[in-house]
$ cat coords-v3.txt   # compact mmCIF, N, CA and C atoms and all ligand atoms
# COMPACT_ATOMS: atom_id res chain seq x y z
N MET Q 1 9.14 -4.79 136.35
CA MET Q 1 8.84 -3.96 135.19
C MET Q 1 7.39 -3.51 135.26
N LYS Q 2 7.13 -2.42 134.57
CA LYS Q 2 5.75 -1.96 134.55
C LYS Q 2 5.19 -2.08 133.13
N ILE Q 3 4.20 -3.00 132.99
CA ILE Q 3 3.53 -3.16 131.71
C ILE Q 3 2.31 -2.26 131.70
N LEU Q 4 2.20 -1.43 130.69
CA LEU Q 4 1.13 -0.44 130.64
C LEU Q 4 -0.14 -0.96 129.97
N LYS Q 5 0.06 -1.77 128.91
CA LYS Q 5 -1.10 -2.30 128.19
C LYS Q 5 -0.63 -3.25 127.11
N ILE Q 6 -1.59 -3.94 126.48
CA ILE Q 6 -1.26 -4.66 125.24
C ILE Q 6 -1.16 -3.60 124.16
N ASP Q 7 0.03 -3.46 123.59
CA ASP Q 7 0.25 -2.44 122.57
C ASP Q 7 -0.34 -2.89 121.24
N HIS Q 8 -0.02 -4.12 120.86
CA HIS Q 8 -0.59 -4.64 119.62
C HIS Q 8 -0.47 -6.16 119.55
N LEU Q 9 -1.24 -6.73 118.62
CA LEU Q 9 -1.16 -8.15 118.30
C LEU Q 9 -0.59 -8.26 116.90
N GLY Q 10 0.46 -9.06 116.74
CA GLY Q 10 1.11 -9.21 115.44
C GLY Q 10 0.59 -10.43 114.71
N ILE Q 11 0.20 -10.24 113.46
CA ILE Q 11 -0.38 -11.31 112.67
C ILE Q 11 0.39 -11.43 111.36
N ALA Q 12 0.93 -12.62 111.11
CA ALA Q 12 1.75 -12.85 109.92
C ALA Q 12 0.85 -13.15 108.73
N VAL Q 13 1.08 -12.44 107.62
CA VAL Q 13 0.29 -12.66 106.41
C VAL Q 13 1.23 -12.78 105.20
N ASN Q 14 0.76 -13.49 104.19
CA ASN Q 14 1.54 -13.58 102.95
C ASN Q 14 1.57 -12.24 102.24
N SER Q 15 0.46 -11.52 102.33
CA SER Q 15 0.35 -10.24 101.62
C SER Q 15 -0.55 -9.30 102.42
N ILE Q 16 -0.04 -8.12 102.71
CA ILE Q 16 -0.84 -7.13 103.43
C ILE Q 16 -2.02 -6.70 102.56
N ASP Q 17 -1.76 -6.55 101.28
CA ASP Q 17 -2.82 -6.14 100.36
C ASP Q 17 -4.00 -7.10 100.41
N ALA Q 18 -3.68 -8.40 100.38
CA ALA Q 18 -4.75 -9.40 100.41
C ALA Q 18 -5.28 -9.56 101.82
N GLY Q 19 -4.38 -9.47 102.81
CA GLY Q 19 -4.77 -9.75 104.19
C GLY Q 19 -5.57 -8.64 104.85
N LYS Q 20 -5.41 -7.42 104.35
CA LYS Q 20 -6.00 -6.31 105.08
C LYS Q 20 -7.51 -6.18 104.87
N SER Q 21 -8.05 -6.81 103.84
CA SER Q 21 -9.47 -6.60 103.55
C SER Q 21 -10.36 -7.10 104.69
N PHE Q 22 -9.98 -8.23 105.32
CA PHE Q 22 -10.78 -8.72 106.45
C PHE Q 22 -10.82 -7.68 107.57
N TRP Q 23 -9.65 -7.14 107.91
CA TRP Q 23 -9.54 -6.21 109.04
C TRP Q 23 -10.19 -4.87 108.74
N SER Q 24 -10.01 -4.37 107.53
CA SER Q 24 -10.54 -3.05 107.23
C SER Q 24 -11.97 -3.11 106.70
N GLU Q 25 -12.22 -4.02 105.77
CA GLU Q 25 -13.56 -4.01 105.15
C GLU Q 25 -14.58 -4.78 105.98
N VAL Q 26 -14.19 -5.95 106.47
CA VAL Q 26 -15.16 -6.76 107.23
C VAL Q 26 -15.32 -6.21 108.65
N LEU Q 27 -14.19 -6.00 109.35
CA LEU Q 27 -14.28 -5.52 110.73
C LEU Q 27 -14.41 -4.00 110.84
N GLY Q 28 -14.09 -3.32 109.77
CA GLY Q 28 -14.25 -1.86 109.76
C GLY Q 28 -13.17 -1.11 110.52
N LEU Q 29 -12.00 -1.73 110.70
CA LEU Q 29 -10.90 -1.04 111.37
C LEU Q 29 -10.23 -0.09 110.38
N GLU Q 30 -9.70 0.98 110.93
CA GLU Q 30 -9.06 1.97 110.08
C GLU Q 30 -7.64 1.53 109.74
N PHE Q 31 -7.30 1.54 108.47
CA PHE Q 31 -5.95 1.17 108.02
C PHE Q 31 -5.06 2.40 108.11
N GLU Q 32 -4.04 2.30 108.97
CA GLU Q 32 -3.20 3.48 109.20
C GLU Q 32 -2.03 3.61 108.23
N GLY Q 33 -1.92 2.68 107.29
CA GLY Q 33 -0.81 2.75 106.34
C GLY Q 33 0.28 1.75 106.68
N ALA Q 34 1.10 1.44 105.70
CA ALA Q 34 2.14 0.42 105.86
C ALA Q 34 3.51 1.06 105.98
N GLU Q 35 4.41 0.34 106.64
CA GLU Q 35 5.77 0.84 106.82
C GLU Q 35 6.73 -0.34 106.73
N THR Q 36 7.83 -0.18 106.00
CA THR Q 36 8.81 -1.26 105.88
C THR Q 36 9.96 -1.02 106.85
N VAL Q 37 10.28 -2.07 107.62
CA VAL Q 37 11.45 -2.03 108.49
C VAL Q 37 12.49 -2.95 107.84
N GLN Q 38 13.38 -2.32 107.08
CA GLN Q 38 14.32 -3.06 106.23
C GLN Q 38 15.16 -4.05 107.03
N GLU Q 39 15.63 -3.61 108.18
CA GLU Q 39 16.50 -4.43 109.02
C GLU Q 39 15.82 -5.74 109.43
N GLN Q 40 14.50 -5.70 109.59
CA GLN Q 40 13.75 -6.90 109.98
C GLN Q 40 13.13 -7.62 108.80
N LYS Q 41 13.38 -7.08 107.59
CA LYS Q 41 12.82 -7.67 106.38
C LYS Q 41 11.32 -7.86 106.48
N VAL Q 42 10.67 -6.80 106.91
CA VAL Q 42 9.23 -6.90 107.11
C VAL Q 42 8.55 -5.58 106.76
N THR Q 43 7.34 -5.72 106.21
CA THR Q 43 6.46 -4.55 106.06
C THR Q 43 5.32 -4.73 107.05
N THR Q 44 5.01 -3.68 107.78
CA THR Q 44 3.97 -3.77 108.80
C THR Q 44 2.84 -2.81 108.45
N ALA Q 45 1.63 -3.19 108.84
CA ALA Q 45 0.47 -2.33 108.66
C ALA Q 45 -0.31 -2.32 109.97
N PHE Q 46 -0.65 -1.13 110.45
CA PHE Q 46 -1.32 -1.02 111.75
C PHE Q 46 -2.78 -0.62 111.60
N PHE Q 47 -3.61 -1.27 112.43
CA PHE Q 47 -5.05 -0.99 112.50
C PHE Q 47 -5.40 -0.72 113.96
N PRO Q 48 -5.59 0.53 114.34
CA PRO Q 48 -5.91 0.83 115.74
C PRO Q 48 -7.23 0.20 116.16
N VAL Q 49 -7.23 -0.33 117.39
CA VAL Q 49 -8.44 -0.90 118.01
C VAL Q 49 -8.47 -0.38 119.43
N GLY Q 50 -9.27 0.63 119.70
CA GLY Q 50 -9.27 1.20 121.04
C GLY Q 50 -7.88 1.63 121.46
N GLU Q 51 -7.43 1.09 122.60
CA GLU Q 51 -6.12 1.45 123.14
C GLU Q 51 -4.99 0.63 122.53
N SER Q 52 -5.34 -0.35 121.71
CA SER Q 52 -4.35 -1.25 121.14
C SER Q 52 -4.42 -1.23 119.62
N GLU Q 53 -3.65 -2.10 119.00
CA GLU Q 53 -3.66 -2.15 117.54
C GLU Q 53 -3.50 -3.58 117.06
N VAL Q 54 -3.95 -3.82 115.85
CA VAL Q 54 -3.61 -5.05 115.14
C VAL Q 54 -2.48 -4.69 114.18
N GLU Q 55 -1.44 -5.51 114.17
CA GLU Q 55 -0.31 -5.28 113.26
C GLU Q 55 -0.22 -6.45 112.29
N LEU Q 56 -0.37 -6.18 111.00
CA LEU Q 56 -0.14 -7.22 110.01
C LEU Q 56 1.32 -7.16 109.58
N LEU Q 57 1.93 -8.32 109.41
CA LEU Q 57 3.35 -8.41 109.06
C LEU Q 57 3.51 -9.21 107.77
N GLU Q 58 4.16 -8.58 106.80
CA GLU Q 58 4.45 -9.26 105.54
C GLU Q 58 5.95 -9.25 105.32
N SER Q 59 6.52 -10.40 105.02
CA SER Q 59 7.96 -10.48 104.83
C SER Q 59 8.37 -9.81 103.52
N THR Q 60 9.54 -9.16 103.53
CA THR Q 60 10.06 -8.57 102.29
C THR Q 60 11.09 -9.48 101.64
N ALA Q 61 11.44 -10.59 102.31
CA ALA Q 61 12.47 -11.50 101.78
C ALA Q 61 12.18 -12.91 102.28
N PRO Q 62 12.54 -13.93 101.46
CA PRO Q 62 12.25 -15.32 101.85
C PRO Q 62 12.97 -15.76 103.12
N ASP Q 63 14.07 -15.06 103.48
CA ASP Q 63 14.82 -15.48 104.67
C ASP Q 63 14.51 -14.59 105.88
N GLY Q 64 13.49 -13.76 105.77
CA GLY Q 64 13.12 -12.90 106.90
C GLY Q 64 12.40 -13.69 107.98
N PRO Q 65 12.38 -13.17 109.21
CA PRO Q 65 11.74 -13.89 110.33
C PRO Q 65 10.26 -14.19 110.11
N VAL Q 66 9.55 -13.29 109.44
CA VAL Q 66 8.12 -13.53 109.21
C VAL Q 66 7.91 -14.62 108.15
N ALA Q 67 8.76 -14.61 107.13
CA ALA Q 67 8.67 -15.67 106.10
C ALA Q 67 8.95 -17.03 106.73
N LYS Q 68 9.95 -17.07 107.62
CA LYS Q 68 10.29 -18.34 108.28
C LYS Q 68 9.15 -18.80 109.18
N PHE Q 69 8.53 -17.84 109.85
CA PHE Q 69 7.40 -18.17 110.72
C PHE Q 69 6.27 -18.81 109.90
N ILE Q 70 5.93 -18.18 108.76
CA ILE Q 70 4.83 -18.69 107.93
C ILE Q 70 5.17 -20.06 107.36
N GLU Q 71 6.44 -20.24 107.00
CA GLU Q 71 6.89 -21.53 106.48
C GLU Q 71 6.63 -22.64 107.51
N LYS Q 72 6.91 -22.33 108.77
CA LYS Q 72 6.76 -23.34 109.83
C LYS Q 72 5.32 -23.50 110.28
N LYS Q 73 4.64 -22.39 110.48
CA LYS Q 73 3.33 -22.46 111.16
C LYS Q 73 2.16 -21.98 110.31
N GLY Q 74 2.45 -21.41 109.16
CA GLY Q 74 1.38 -20.86 108.34
C GLY Q 74 1.03 -19.45 108.77
N GLN Q 75 0.15 -18.81 108.03
CA GLN Q 75 -0.27 -17.46 108.36
C GLN Q 75 -1.05 -17.48 109.67
N GLY Q 76 -1.03 -16.35 110.35
CA GLY Q 76 -1.86 -16.26 111.56
C GLY Q 76 -1.17 -15.51 112.67
N PHE Q 77 -1.74 -15.66 113.88
CA PHE Q 77 -1.23 -14.95 115.05
C PHE Q 77 0.26 -15.23 115.24
N GLN Q 78 1.05 -14.17 115.40
CA GLN Q 78 2.50 -14.37 115.51
C GLN Q 78 3.09 -13.87 116.81
N HIS Q 79 2.68 -12.70 117.30
CA HIS Q 79 3.23 -12.24 118.58
C HIS Q 79 2.28 -11.27 119.29
N VAL Q 80 2.47 -11.18 120.60
CA VAL Q 80 1.75 -10.19 121.39
C VAL Q 80 2.79 -9.19 121.89
N ALA Q 81 2.46 -7.90 121.80
CA ALA Q 81 3.39 -6.86 122.22
C ALA Q 81 2.82 -6.11 123.42
N PHE Q 82 3.61 -6.06 124.48
CA PHE Q 82 3.24 -5.30 125.67
C PHE Q 82 4.00 -3.98 125.68
N ARG Q 83 3.28 -2.91 125.96
CA ARG Q 83 3.97 -1.64 126.12
C ARG Q 83 4.48 -1.52 127.54
N VAL Q 84 5.75 -1.23 127.68
CA VAL Q 84 6.35 -1.07 129.01
C VAL Q 84 6.79 0.38 129.18
N GLU Q 85 6.93 0.73 130.45
CA GLU Q 85 7.33 2.10 130.77
C GLU Q 85 8.79 2.33 130.41
N ASN Q 86 9.63 1.31 130.72
CA ASN Q 86 11.07 1.45 130.50
C ASN Q 86 11.62 0.12 130.00
N ILE Q 87 11.93 0.05 128.72
CA ILE Q 87 12.29 -1.24 128.11
C ILE Q 87 13.68 -1.71 128.57
N GLU Q 88 14.61 -0.79 128.76
CA GLU Q 88 15.95 -1.21 129.23
C GLU Q 88 15.84 -1.87 130.60
N GLU Q 89 15.07 -1.24 131.46
CA GLU Q 89 14.86 -1.78 132.80
C GLU Q 89 14.19 -3.16 132.74
N ALA Q 90 13.17 -3.27 131.87
CA ALA Q 90 12.45 -4.54 131.74
C ALA Q 90 13.40 -5.65 131.28
N LEU Q 91 14.28 -5.34 130.31
CA LEU Q 91 15.21 -6.36 129.82
C LEU Q 91 16.21 -6.77 130.90
N GLU Q 92 16.67 -5.81 131.67
CA GLU Q 92 17.60 -6.13 132.78
C GLU Q 92 16.92 -7.06 133.78
N GLU Q 93 15.66 -6.75 134.07
CA GLU Q 93 14.91 -7.57 135.02
C GLU Q 93 14.75 -9.01 134.50
N LEU Q 94 14.45 -9.14 133.22
CA LEU Q 94 14.27 -10.47 132.63
C LEU Q 94 15.59 -11.24 132.61
N LYS Q 95 16.68 -10.54 132.29
CA LYS Q 95 18.00 -11.19 132.31
C LYS Q 95 18.32 -11.69 133.70
N ALA Q 96 18.01 -10.88 134.70
CA ALA Q 96 18.27 -11.28 136.09
C ALA Q 96 17.45 -12.51 136.46
N LYS Q 97 16.32 -12.70 135.80
CA LYS Q 97 15.48 -13.87 136.07
C LYS Q 97 15.79 -15.02 135.12
N ASP Q 98 16.90 -14.89 134.33
CA ASP Q 98 17.32 -15.94 133.41
C ASP Q 98 16.30 -16.25 132.33
N ILE Q 99 15.57 -15.26 131.89
CA ILE Q 99 14.61 -15.46 130.81
C ILE Q 99 15.34 -15.30 129.48
N GLN Q 100 15.14 -16.30 128.61
CA GLN Q 100 15.83 -16.27 127.32
C GLN Q 100 15.26 -15.18 126.41
N LEU Q 101 16.15 -14.34 125.90
CA LEU Q 101 15.74 -13.21 125.07
C LEU Q 101 16.22 -13.40 123.63
N ILE Q 102 15.46 -12.89 122.68
CA ILE Q 102 15.94 -12.84 121.29
C ILE Q 102 16.79 -11.59 121.13
N ASP Q 103 16.32 -10.49 121.70
CA ASP Q 103 17.07 -9.23 121.65
C ASP Q 103 17.61 -8.90 123.04
N GLN Q 104 18.93 -8.81 123.12
CA GLN Q 104 19.55 -8.49 124.40
C GLN Q 104 19.37 -7.02 124.75
N LYS Q 105 19.25 -6.21 123.71
CA LYS Q 105 18.96 -4.79 123.94
C LYS Q 105 17.93 -4.31 122.92
N PRO Q 106 17.27 -3.20 123.22
CA PRO Q 106 16.20 -2.75 122.33
C PRO Q 106 16.72 -2.34 120.95
N ARG Q 107 15.89 -2.57 119.95
CA ARG Q 107 16.18 -2.00 118.63
C ARG Q 107 14.96 -1.18 118.20
N ILE Q 108 15.11 -0.52 117.06
CA ILE Q 108 14.04 0.39 116.64
C ILE Q 108 13.11 -0.34 115.67
N GLY Q 109 11.84 -0.37 116.01
CA GLY Q 109 10.84 -1.02 115.17
C GLY Q 109 9.98 -0.01 114.44
N ALA Q 110 8.86 -0.49 113.93
CA ALA Q 110 7.95 0.38 113.18
C ALA Q 110 7.50 1.54 114.06
N GLY Q 111 7.34 2.69 113.44
CA GLY Q 111 6.87 3.87 114.16
C GLY Q 111 7.90 4.44 115.12
N GLY Q 112 9.16 3.97 115.01
CA GLY Q 112 10.23 4.49 115.86
C GLY Q 112 10.20 3.98 117.29
N ALA Q 113 9.37 2.96 117.55
CA ALA Q 113 9.29 2.41 118.92
C ALA Q 113 10.56 1.62 119.23
N LYS Q 114 10.93 1.61 120.51
CA LYS Q 114 11.99 0.71 120.96
C LYS Q 114 11.34 -0.63 121.21
N ILE Q 115 11.89 -1.70 120.61
CA ILE Q 115 11.27 -3.01 120.77
C ILE Q 115 12.32 -4.07 121.11
N ALA Q 116 11.86 -5.16 121.71
CA ALA Q 116 12.73 -6.31 121.98
C ALA Q 116 11.83 -7.54 122.12
N PHE Q 117 12.31 -8.67 121.59
CA PHE Q 117 11.53 -9.90 121.64
C PHE Q 117 12.09 -10.86 122.68
N LEU Q 118 11.18 -11.55 123.36
CA LEU Q 118 11.54 -12.63 124.27
C LEU Q 118 11.44 -13.93 123.49
N HIS Q 119 12.24 -14.92 123.87
CA HIS Q 119 12.21 -16.18 123.15
C HIS Q 119 10.97 -16.99 123.55
N PRO Q 120 10.27 -17.56 122.54
CA PRO Q 120 9.07 -18.36 122.85
C PRO Q 120 9.34 -19.52 123.79
N LYS Q 121 10.58 -20.01 123.81
CA LYS Q 121 10.93 -21.09 124.74
C LYS Q 121 10.76 -20.66 126.18
N ALA Q 122 10.89 -19.37 126.43
CA ALA Q 122 10.83 -18.87 127.80
C ALA Q 122 9.41 -18.46 128.21
N THR Q 123 8.48 -18.50 127.25
CA THR Q 123 7.16 -17.93 127.53
C THR Q 123 6.02 -18.93 127.36
N GLY Q 124 6.38 -20.21 127.22
CA GLY Q 124 5.32 -21.20 126.99
C GLY Q 124 4.84 -21.21 125.56
N GLY Q 125 5.70 -20.78 124.64
CA GLY Q 125 5.38 -20.94 123.22
C GLY Q 125 4.87 -19.70 122.52
N VAL Q 126 4.71 -18.60 123.27
CA VAL Q 126 4.20 -17.37 122.64
C VAL Q 126 5.37 -16.42 122.40
N LEU Q 127 5.45 -15.89 121.20
CA LEU Q 127 6.45 -14.87 120.94
C LEU Q 127 5.95 -13.56 121.56
N VAL Q 128 6.75 -13.04 122.51
CA VAL Q 128 6.36 -11.83 123.24
C VAL Q 128 7.30 -10.69 122.86
N GLU Q 129 6.71 -9.57 122.53
CA GLU Q 129 7.48 -8.36 122.23
C GLU Q 129 7.24 -7.34 123.34
N LEU Q 130 8.29 -6.68 123.74
CA LEU Q 130 8.14 -5.51 124.61
C LEU Q 130 8.34 -4.28 123.75
N CYS Q 131 7.60 -3.24 124.00
CA CYS Q 131 7.86 -2.01 123.26
C CYS Q 131 7.67 -0.80 124.15
N GLN Q 132 8.41 0.22 123.80
CA GLN Q 132 8.31 1.48 124.53
C GLN Q 132 8.17 2.59 123.49
N ARG Q 133 7.13 3.37 123.65
CA ARG Q 133 6.94 4.53 122.76
C ARG Q 133 6.95 5.78 123.62
N ASP Q 134 7.76 6.74 123.20
CA ASP Q 134 7.82 7.97 124.01
C ASP Q 134 7.00 9.07 123.38
ZN ZN Q 201 5.05 -6.13 116.84

$ encode --input "coords-v3.txt" --output "structure tokens" --more "lines below"
Ligand code: ZN
Amino acid sequence: MKILKIDHLGIAVNSIDAGKSFWSEVLGLEFEGAETVQEQKVTTAFFPVGESEVELLESTAPDGPVAKFIEKKGQGFQHVAFRVENIEEALEELKAKDIQLIDQKPRIGAGGAKIAFLHPKATGGVLVELCQRD
């Protein structure tokens, strides 16, 4: 697979409203606005940083993946997302290498990107997201 760059770092927060002040006011990053991905029960907010972004994630429901993450580990760093040239190809390659995946095929994430998560069990404990933006 061809990884192009770190697309973004995902950070789980209880509240984007409360969480964003550090990123925007203290660090001076530009807040690009929030978007809810209903299927994932999450609201995301992006802050561009050079070629990459910081993504804040707030759960919209107590049983959403981000809420469960915070319940287990608390707020904080949640996933790293790599931008790939071709996500279908990347997933096929990982399957061929017996890497455990959360998403067997890409789904649509924030900003219309194709995304898929790898299981942290297969990555040494880090939740890894692949994404492709055309
Ligand atoms: Zn992400």

$ closest_residue --input "coords-v3.txt" --among "Q:Val13, Q:Ile87, Q:Val49, Q:Ala110" --to "Q:Glu35" --atoms "all atoms listed in the file"
Q:Ala110

$ residues_near_ligand --input "coords-v3.txt" --ligand "ligand ZN 201 (chain Q)" --cutoff "7 Å" --atoms "all atoms listed in the file" --output "JSON, numbers by chain"
{"Q": [8, 9, 10, 55, 79, 80, 81, 129]}

$ atom_distance --input "coords-v3.txt" --atom1 "atom CA of Q:Asn86" --atom2 "atom CA of Q:Ala45"
24.6 Å

$ closest_residue --input "coords-v3.txt" --among "Q:Ile3, Q:Ala96, Q:Val128, Q:Ile16" --to "Q:Gln78" --atoms "all atoms listed in the file"
Q:Val128

$ residues_around --input "coords-v3.txt" --residues "Q:Gly74" --least-positions-apart "3" --cutoff "8 Å" --atoms "all atoms listed in the file" --output "PyMOL selection string"
chain Q and resi 12-14+68-71+77

$ atom_distance --input "coords-v3.txt" --atom1 "atom N of Q:Ile99" --atom2 "atom CA of Q:His119"
9.4 Å

$ atom_distance --input "coords-v3.txt" --atom1 "atom CA of Q:Pro65" --atom2 "atom CA of Q:Glu92"
24.5 Å

$ select_by_dssp --input "coords-v3.txt" --residues "chain Q" --states "helix (DSSP H, G or I)" --output "PyMOL selection string"
chain Q and resi 16-26+38-40+65-73+87-96+110-112+120-122

$ closest_residue --input "coords-v3.txt" --among "Q:Lys5, Q:Glu89, Q:Pro106, Q:Pro48" --to "Q:Leu27" --atoms "only C-alpha atoms"
Q:Pro48

$ closest_residue --input "coords-v3.txt" --among "Q:Asp134, Q:Ala67, Q:Thr43, Q:Glu58" --to "Q:Gly112" --atoms "only C-alpha atoms"
Q:Asp134

$ axis_aligned_box --input "coords-v3.txt" --around "stretch 16-19 of chain Q" --padding-each-side "8 Å" --output "lines of an AutoDock Vina configuration file"
center_x = -2.8
center_y = -7.9
center_z = 102.6
size_x = 21.5
size_y = 19.6
size_z = 20.5

$ select_by_dssp --input "coords-v3.txt" --residues "chain Q" --states "strand (DSSP E)" --output "PyMOL selection string"
chain Q and resi 3-12+34-37+42-49+52-59+76-84+107-108+114-118+127-132

$ write_last_selection --input "coords-v3.txt" --atoms "N, CA and C atoms" --output "short mmCIF file (atom, residue, chain, number, x, y, z; two decimals), keeping the file's coordinate frame"
data_model
loop_
_atom_site.label_atom_id
_atom_site.label_comp_id
_atom_site.auth_asym_id
_atom_site.auth_seq_id
_atom_site.Cartn_x
_atom_site.Cartn_y
_atom_site.Cartn_z
N ILE Q 3 4.20 -3.00 132.99
CA ILE Q 3 3.53 -3.16 131.71
C ILE Q 3 2.31 -2.26 131.70
N LEU Q 4 2.20 -1.43 130.69
CA LEU Q 4 1.13 -0.44 130.64
C LEU Q 4 -0.14 -0.96 129.97
N LYS Q 5 0.06 -1.77 128.91
CA LYS Q 5 -1.10 -2.30 128.19
C LYS Q 5 -0.63 -3.25 127.11
N ILE Q 6 -1.59 -3.94 126.48
CA ILE Q 6 -1.26 -4.66 125.24
C ILE Q 6 -1.16 -3.60 124.16
N ASP Q 7 0.03 -3.46 123.59
CA ASP Q 7 0.25 -2.44 122.57
C ASP Q 7 -0.34 -2.89 121.24
N HIS Q 8 -0.02 -4.12 120.86
CA HIS Q 8 -0.59 -4.64 119.62
C HIS Q 8 -0.47 -6.16 119.55
N LEU Q 9 -1.24 -6.73 118.62
CA LEU Q 9 -1.16 -8.15 118.30
C LEU Q 9 -0.59 -8.26 116.90
N GLY Q 10 0.46 -9.06 116.74
CA GLY Q 10 1.11 -9.21 115.44
C GLY Q 10 0.59 -10.43 114.71
N ILE Q 11 0.20 -10.24 113.46
CA ILE Q 11 -0.38 -11.31 112.67
C ILE Q 11 0.39 -11.43 111.36
N ALA Q 12 0.93 -12.62 111.11
CA ALA Q 12 1.75 -12.85 109.92
C ALA Q 12 0.85 -13.15 108.73
N ALA Q 34 1.10 1.44 105.70
CA ALA Q 34 2.14 0.42 105.86
C ALA Q 34 3.51 1.06 105.98
N GLU Q 35 4.41 0.34 106.64
CA GLU Q 35 5.77 0.84 106.82
C GLU Q 35 6.73 -0.34 106.73
N THR Q 36 7.83 -0.18 106.00
CA THR Q 36 8.81 -1.26 105.88
C THR Q 36 9.96 -1.02 106.85
N VAL Q 37 10.28 -2.07 107.62
CA VAL Q 37 11.45 -2.03 108.49
C VAL Q 37 12.49 -2.95 107.84
N VAL Q 42 10.67 -6.80 106.91
CA VAL Q 42 9.23 -6.90 107.11
C VAL Q 42 8.55 -5.58 106.76
N THR Q 43 7.34 -5.72 106.21
CA THR Q 43 6.46 -4.55 106.06
C THR Q 43 5.32 -4.73 107.05
N THR Q 44 5.01 -3.68 107.78
CA THR Q 44 3.97 -3.77 108.80
C THR Q 44 2.84 -2.81 108.45
N ALA Q 45 1.63 -3.19 108.84
CA ALA Q 45 0.47 -2.33 108.66
C ALA Q 45 -0.31 -2.32 109.97
N PHE Q 46 -0.65 -1.13 110.45
CA PHE Q 46 -1.32 -1.02 111.75
C PHE Q 46 -2.78 -0.62 111.60
N PHE Q 47 -3.61 -1.27 112.43
CA PHE Q 47 -5.05 -0.99 112.50
C PHE Q 47 -5.40 -0.72 113.96
N PRO Q 48 -5.59 0.53 114.34
CA PRO Q 48 -5.91 0.83 115.74
C PRO Q 48 -7.23 0.20 116.16
N VAL Q 49 -7.23 -0.33 117.39
CA VAL Q 49 -8.44 -0.90 118.01
C VAL Q 49 -8.47 -0.38 119.43
N SER Q 52 -5.34 -0.35 121.71
CA SER Q 52 -4.35 -1.25 121.14
C SER Q 52 -4.42 -1.23 119.62
N GLU Q 53 -3.65 -2.10 119.00
CA GLU Q 53 -3.66 -2.15 117.54
C GLU Q 53 -3.50 -3.58 117.06
N VAL Q 54 -3.95 -3.82 115.85
CA VAL Q 54 -3.61 -5.05 115.14
C VAL Q 54 -2.48 -4.69 114.18
N GLU Q 55 -1.44 -5.51 114.17
CA GLU Q 55 -0.31 -5.28 113.26
C GLU Q 55 -0.22 -6.45 112.29
N LEU Q 56 -0.37 -6.18 111.00
CA LEU Q 56 -0.14 -7.22 110.01
C LEU Q 56 1.32 -7.16 109.58
N LEU Q 57 1.93 -8.32 109.41
CA LEU Q 57 3.35 -8.41 109.06
C LEU Q 57 3.51 -9.21 107.77
N GLU Q 58 4.16 -8.58 106.80
CA GLU Q 58 4.45 -9.26 105.54
C GLU Q 58 5.95 -9.25 105.32
N SER Q 59 6.52 -10.40 105.02
CA SER Q 59 7.96 -10.48 104.83
C SER Q 59 8.37 -9.81 103.52
N GLY Q 76 -1.03 -16.35 110.35
CA GLY Q 76 -1.86 -16.26 111.56
C GLY Q 76 -1.17 -15.51 112.67
N PHE Q 77 -1.74 -15.66 113.88
CA PHE Q 77 -1.23 -14.95 115.05
C PHE Q 77 0.26 -15.23 115.24
N GLN Q 78 1.05 -14.17 115.40
CA GLN Q 78 2.50 -14.37 115.51
C GLN Q 78 3.09 -13.87 116.81
N HIS Q 79 2.68 -12.70 117.30
CA HIS Q 79 3.23 -12.24 118.58
C HIS Q 79 2.28 -11.27 119.29
N VAL Q 80 2.47 -11.18 120.60
CA VAL Q 80 1.75 -10.19 121.39
C VAL Q 80 2.79 -9.19 121.89
N ALA Q 81 2.46 -7.90 121.80
CA ALA Q 81 3.39 -6.86 122.22
C ALA Q 81 2.82 -6.11 123.42
N PHE Q 82 3.61 -6.06 124.48
CA PHE Q 82 3.24 -5.30 125.67
C PHE Q 82 4.00 -3.98 125.68
N ARG Q 83 3.28 -2.91 125.96
CA ARG Q 83 3.97 -1.64 126.12
C ARG Q 83 4.48 -1.52 127.54
N VAL Q 84 5.75 -1.23 127.68
CA VAL Q 84 6.35 -1.07 129.01
C VAL Q 84 6.79 0.38 129.18
N ARG Q 107 15.89 -2.57 119.95
CA ARG Q 107 16.18 -2.00 118.63
C ARG Q 107 14.96 -1.18 118.20
N ILE Q 108 15.11 -0.52 117.06
CA ILE Q 108 14.04 0.39 116.64
C ILE Q 108 13.11 -0.34 115.67
N LYS Q 114 10.93 1.61 120.51
CA LYS Q 114 11.99 0.71 120.96
C LYS Q 114 11.34 -0.63 121.21
N ILE Q 115 11.89 -1.70 120.61
CA ILE Q 115 11.27 -3.01 120.77
C ILE Q 115 12.32 -4.07 121.11
N ALA Q 116 11.86 -5.16 121.71
CA ALA Q 116 12.73 -6.31 121.98
C ALA Q 116 11.83 -7.54 122.12
N PHE Q 117 12.31 -8.67 121.59
CA PHE Q 117 11.53 -9.90 121.64
C PHE Q 117 12.09 -10.86 122.68
N LEU Q 118 11.18 -11.55 123.36
CA LEU Q 118 11.54 -12.63 124.27
C LEU Q 118 11.44 -13.93 123.49
N LEU Q 127 5.45 -15.89 121.20
CA LEU Q 127 6.45 -14.87 120.94
C LEU Q 127 5.95 -13.56 121.56
N VAL Q 128 6.75 -13.04 122.51
CA VAL Q 128 6.36 -11.83 123.24
C VAL Q 128 7.30 -10.69 122.86
N GLU Q 129 6.71 -9.57 122.53
CA GLU Q 129 7.48 -8.36 122.23
C GLU Q 129 7.24 -7.34 123.34
N LEU Q 130 8.29 -6.68 123.74
CA LEU Q 130 8.14 -5.51 124.61
C LEU Q 130 8.34 -4.28 123.75
N CYS Q 131 7.60 -3.24 124.00
CA CYS Q 131 7.86 -2.01 123.26
C CYS Q 131 7.67 -0.80 124.15
N GLN Q 132 8.41 0.22 123.80
CA GLN Q 132 8.31 1.48 124.53
C GLN Q 132 8.17 2.59 123.49
#

$ closest_residue --input "coords-v3.txt" --among "Q:Ile115, Q:Val54, Q:Ala90, Q:Met1" --to "Q:Arg133" --atoms "only N, CA and C atoms"
Q:Ile115

$ residues_around --input "coords-v3.txt" --residues "Q:Val37" --least-positions-apart "2" --cutoff "10 Å" --atoms "only C-alpha atoms" --output "ChimeraX atom specification"
/Q:34-35,39-44,59-60,108-112
